[in-house]
Amino acid sequence: MNTVKKYLGFIWIVLAIAVAYYSIGIFGSKLTSGKQEDLVFGIIIFFILLPLIVTGLALFGYYCVTDEYDEDYD
C-alpha cells in the first residue's frame, strides 16, 4: 500500500505542475484582454485560487512521497 501512495504522490505533483502550466496558458489572456470583467476574474484566479490549488496538490504529493501518511502509529 505504501508503494501505491508513493506513486500517487508523484502523480499529484505532476498534476500540480500541469494545472499551473495550463492555468497560466488559459487564464493568461484574461489579464491582457482589456475588459474589466476579465481583469477581475483573472486577478482572482491568478493570485487567490491558483496558488491555493497548486500548493495543495504539490504539498499532498510531497507528503505521500515522503511517507508522512504512514500507517504505523507508534
# chains A, B, ... in the order shown; residues from 1 in each chain; ligands from 1
call {"tool": "residues_around", "arguments": {"residues": "A:Ile43", "least_positions_apart": "2", "cutoff": "12 Å", "atoms": "only C-alpha atoms", "output": "NGL selection string"}}
result
:A and (24 or 27-32 or 36-41 or 45-51)
call {"tool": "residues_around", "arguments": {"residues": "stretch 3-10 of chain A", "least_positions_apart": "4", "cutoff": "9 Å", "atoms": "only C-alpha atoms", "output": "PyMOL selection string"}}
result
chain A and resi 14-15+58+60-67+69
call {"tool": "closest_residue", "arguments": {"among": "A:Ile11, A:Met1, A:Gly25, A:Ala18", "to": "A:Ile53", "atoms": "only C-alpha atoms"}}
result
A:Ala18
call {"tool": "closest_residue", "arguments": {"among": "A:Gly42, A:Ser33, A:Ala16, A:Tyr22", "to": "A:Leu57", "atoms": "only C-alpha atoms"}}
result
A:Ala16
call {"tool": "closest_residue", "arguments": {"among": "A:Ile17, A:Gly34, A:Asn2, A:Val54", "to": "A:Asp70", "atoms": "only C-alpha atoms"}}
result
A:Asn2
call {"tool": "select_by_dssp", "arguments": {"residues": "chain A", "states": "helix (DSSP H, G or I)", "output": "PyMOL selection string"}}
result
chain A and resi 2-31+36-65
call {"tool": "write_last_selection", "arguments": {"atoms": "C-alpha atoms", "output": "mmCIF file, in the first residue's frame"}}
result
data_model
loop_
_atom_site.group_PDB
_atom_site.id
_atom_site.type_symbol
_atom_site.label_atom_id
_atom_site.label_comp_id
_atom_site.auth_asym_id
_atom_site.auth_seq_id
_atom_site.Cartn_x
_atom_site.Cartn_y
_atom_site.Cartn_z
ATOM 1 C CA ASN A 2 2.904 2.350 0.690
ATOM 2 C CA THR A 3 4.216 1.912 -2.851
ATOM 3 C CA VAL A 4 0.804 2.888 -4.215
ATOM 4 C CA LYS A 5 0.888 6.012 -2.046
ATOM 5 C CA LYS A 6 4.324 6.930 -3.390
ATOM 6 C CA TYR A 7 3.213 6.526 -6.999
ATOM 7 C CA LEU A 8 0.105 8.565 -6.347
ATOM 8 C CA GLY A 9 2.284 11.202 -4.689
ATOM 9 C CA PHE A 10 4.265 11.591 -7.897
ATOM 10 C CA ILE A 11 1.007 11.812 -9.833
ATOM 11 C CA TRP A 12 -0.239 14.599 -7.512
ATOM 12 C CA ILE A 13 2.998 16.550 -8.022
ATOM 13 C CA VAL A 14 2.812 16.175 -11.798
ATOM 14 C CA LEU A 15 -0.843 17.180 -11.667
ATOM 15 C CA ALA A 16 0.088 20.337 -9.732
ATOM 16 C CA ILE A 17 2.635 21.268 -12.396
ATOM 17 C CA ALA A 18 0.145 20.586 -15.182
ATOM 18 C CA VAL A 19 -2.578 22.666 -13.506
ATOM 19 C CA ALA A 20 -0.170 25.580 -13.078
ATOM 20 C CA TYR A 21 1.001 25.379 -16.690
ATOM 21 C CA TYR A 22 -2.427 25.120 -18.278
ATOM 22 C CA SER A 23 -3.983 27.708 -15.982
ATOM 23 C CA ILE A 24 -1.338 30.242 -16.922
ATOM 24 C CA GLY A 25 -1.896 29.425 -20.582
ATOM 25 C CA ILE A 26 -5.682 29.598 -20.440
ATOM 26 C CA PHE A 27 -6.237 32.407 -17.952
ATOM 27 C CA GLY A 28 -3.246 34.484 -19.044
ATOM 28 C CA SER A 29 -5.329 36.013 -21.801
ATOM 29 C CA LYS A 30 -7.855 37.215 -19.213
ATOM 30 C CA LEU A 31 -5.302 39.611 -17.747
ATOM 31 C CA GLN A 36 -12.726 44.953 -16.667
ATOM 32 C CA GLU A 37 -14.702 41.740 -16.079
ATOM 33 C CA ASP A 38 -11.865 39.627 -17.456
ATOM 34 C CA LEU A 39 -9.279 41.522 -15.435
ATOM 35 C CA VAL A 40 -11.098 40.975 -12.127
ATOM 36 C CA PHE A 41 -11.656 37.291 -12.943
ATOM 37 C CA GLY A 42 -8.001 36.862 -13.955
ATOM 38 C CA ILE A 43 -6.718 38.512 -10.784
ATOM 39 C CA ILE A 44 -8.907 36.285 -8.613
ATOM 40 C CA ILE A 45 -7.764 33.156 -10.442
ATOM 41 C CA PHE A 46 -4.064 34.058 -10.533
ATOM 42 C CA PHE A 47 -3.488 35.491 -7.107
ATOM 43 C CA ILE A 48 -6.025 33.650 -4.933
ATOM 44 C CA LEU A 49 -7.196 30.341 -6.391
ATOM 45 C CA LEU A 50 -4.207 29.171 -8.437
ATOM 46 C CA PRO A 51 -1.681 29.336 -5.552
ATOM 47 C CA LEU A 52 -4.096 27.517 -3.242
ATOM 48 C CA ILE A 53 -4.779 24.736 -5.731
ATOM 49 C CA VAL A 54 -1.189 24.204 -6.872
ATOM 50 C CA THR A 55 0.249 24.391 -3.356
ATOM 51 C CA GLY A 56 -2.363 21.966 -2.050
ATOM 52 C CA LEU A 57 -1.729 19.408 -4.771
ATOM 53 C CA ALA A 58 2.055 19.696 -4.517
ATOM 54 C CA LEU A 59 2.072 19.506 -0.727
ATOM 55 C CA PHE A 60 -0.219 16.488 -0.707
ATOM 56 C CA GLY A 61 2.027 14.787 -3.252
ATOM 57 C CA TYR A 62 5.124 15.643 -1.242
ATOM 58 C CA TYR A 63 3.613 14.170 1.904
ATOM 59 C CA CYS A 64 2.747 10.989 0.021
ATOM 60 C CA VAL A 65 6.257 10.642 -1.387
#
call {"tool": "decode", "arguments": {"residues": "stretch 2-31 of chain A", "atoms": "N, CA and C atoms", "output": "tab-separated table (two decimals), in the first residue's frame"}}
result
chain	number	residue	atom	x	y	z
A	2	ASN	N	2.03	1.18	0.65
A	2	ASN	CA	2.90	2.35	0.69
A	2	ASN	C	3.47	2.68	-0.68
A	3	THR	N	3.71	1.64	-1.51
A	3	THR	CA	4.22	1.91	-2.85
A	3	THR	C	3.15	2.60	-3.70
A	4	VAL	N	1.90	2.23	-3.50
A	4	VAL	CA	0.80	2.89	-4.21
A	4	VAL	C	0.73	4.35	-3.81
A	5	LYS	N	0.91	4.63	-2.52
A	5	LYS	CA	0.89	6.01	-2.05
A	5	LYS	C	2.02	6.82	-2.66
A	6	LYS	N	3.20	6.21	-2.80
A	6	LYS	CA	4.32	6.93	-3.39
A	6	LYS	C	4.07	7.24	-4.86
A	7	TYR	N	3.53	6.28	-5.59
A	7	TYR	CA	3.21	6.53	-7.00
A	7	TYR	C	2.14	7.60	-7.14
A	8	LEU	N	1.14	7.54	-6.30
A	8	LEU	CA	0.11	8.57	-6.35
A	8	LEU	C	0.65	9.92	-5.93
A	9	GLY	N	1.64	9.95	-5.05
A	9	GLY	CA	2.28	11.20	-4.69
A	9	GLY	C	2.96	11.85	-5.88
A	10	PHE	N	3.65	11.05	-6.68
A	10	PHE	CA	4.27	11.59	-7.90
A	10	PHE	C	3.20	12.09	-8.87
A	11	ILE	N	2.10	11.38	-8.95
A	11	ILE	CA	1.01	11.81	-9.83
A	11	ILE	C	0.43	13.14	-9.37
A	12	TRP	N	0.27	13.32	-8.04
A	12	TRP	CA	-0.24	14.60	-7.51
A	12	TRP	C	0.71	15.74	-7.83
A	13	ILE	N	2.02	15.49	-7.73
A	13	ILE	CA	3.00	16.55	-8.02
A	13	ILE	C	2.97	16.91	-9.50
A	14	VAL	N	2.90	15.91	-10.36
A	14	VAL	CA	2.81	16.18	-11.80
A	14	VAL	C	1.50	16.89	-12.13
A	15	LEU	N	0.43	16.51	-11.46
A	15	LEU	CA	-0.84	17.18	-11.67
A	15	LEU	C	-0.78	18.65	-11.24
A	16	ALA	N	-0.08	18.95	-10.17
A	16	ALA	CA	0.09	20.34	-9.73
A	16	ALA	C	0.84	21.16	-10.78
A	17	ILE	N	1.88	20.58	-11.35
A	17	ILE	CA	2.64	21.27	-12.40
A	17	ILE	C	1.78	21.48	-13.64
A	18	ALA	N	1.01	20.47	-14.01
A	18	ALA	CA	0.15	20.59	-15.18
A	18	ALA	C	-0.95	21.63	-14.97
A	19	VAL	N	-1.54	21.67	-13.80
A	19	VAL	CA	-2.58	22.67	-13.51
A	19	VAL	C	-2.00	24.07	-13.58
A	20	ALA	N	-0.81	24.27	-13.02
A	20	ALA	CA	-0.17	25.58	-13.08
A	20	ALA	C	0.12	25.99	-14.52
A	21	TYR	N	0.65	25.08	-15.31
A	21	TYR	CA	1.00	25.38	-16.69
A	21	TYR	C	-0.23	25.72	-17.53
A	22	TYR	N	-1.24	24.88	-17.46
A	22	TYR	CA	-2.43	25.12	-18.28
A	22	TYR	C	-3.25	26.31	-17.79
A	23	SER	N	-3.24	26.55	-16.50
A	23	SER	CA	-3.98	27.71	-15.98
A	23	SER	C	-3.33	29.01	-16.42
A	24	ILE	N	-2.02	29.05	-16.43
A	24	ILE	CA	-1.34	30.24	-16.92
A	24	ILE	C	-1.61	30.42	-18.40
A	25	GLY	N	-1.62	29.34	-19.15
A	25	GLY	CA	-1.90	29.43	-20.58
A	25	GLY	C	-3.32	29.85	-20.89
A	26	ILE	N	-4.27	29.31	-20.16
A	26	ILE	CA	-5.68	29.60	-20.44
A	26	ILE	C	-6.10	30.95	-19.87
A	27	PHE	N	-5.77	31.19	-18.60
A	27	PHE	CA	-6.24	32.41	-17.95
A	27	PHE	C	-5.29	33.58	-18.13
A	28	GLY	N	-4.15	33.38	-18.78
A	28	GLY	CA	-3.25	34.48	-19.04
A	28	GLY	C	-3.85	35.52	-19.98
A	29	SER	N	-4.70	35.07	-20.87
A	29	SER	CA	-5.33	36.01	-21.80
A	29	SER	C	-6.38	36.87	-21.10
A	30	LYS	N	-6.87	36.43	-19.96
A	30	LYS	CA	-7.86	37.22	-19.21
A	30	LYS	C	-7.24	38.50	-18.66
A	31	LEU	N	-5.96	38.43	-18.31
A	31	LEU	CA	-5.30	39.61	-17.75
A	31	LEU	C	-4.98	40.66	-18.80
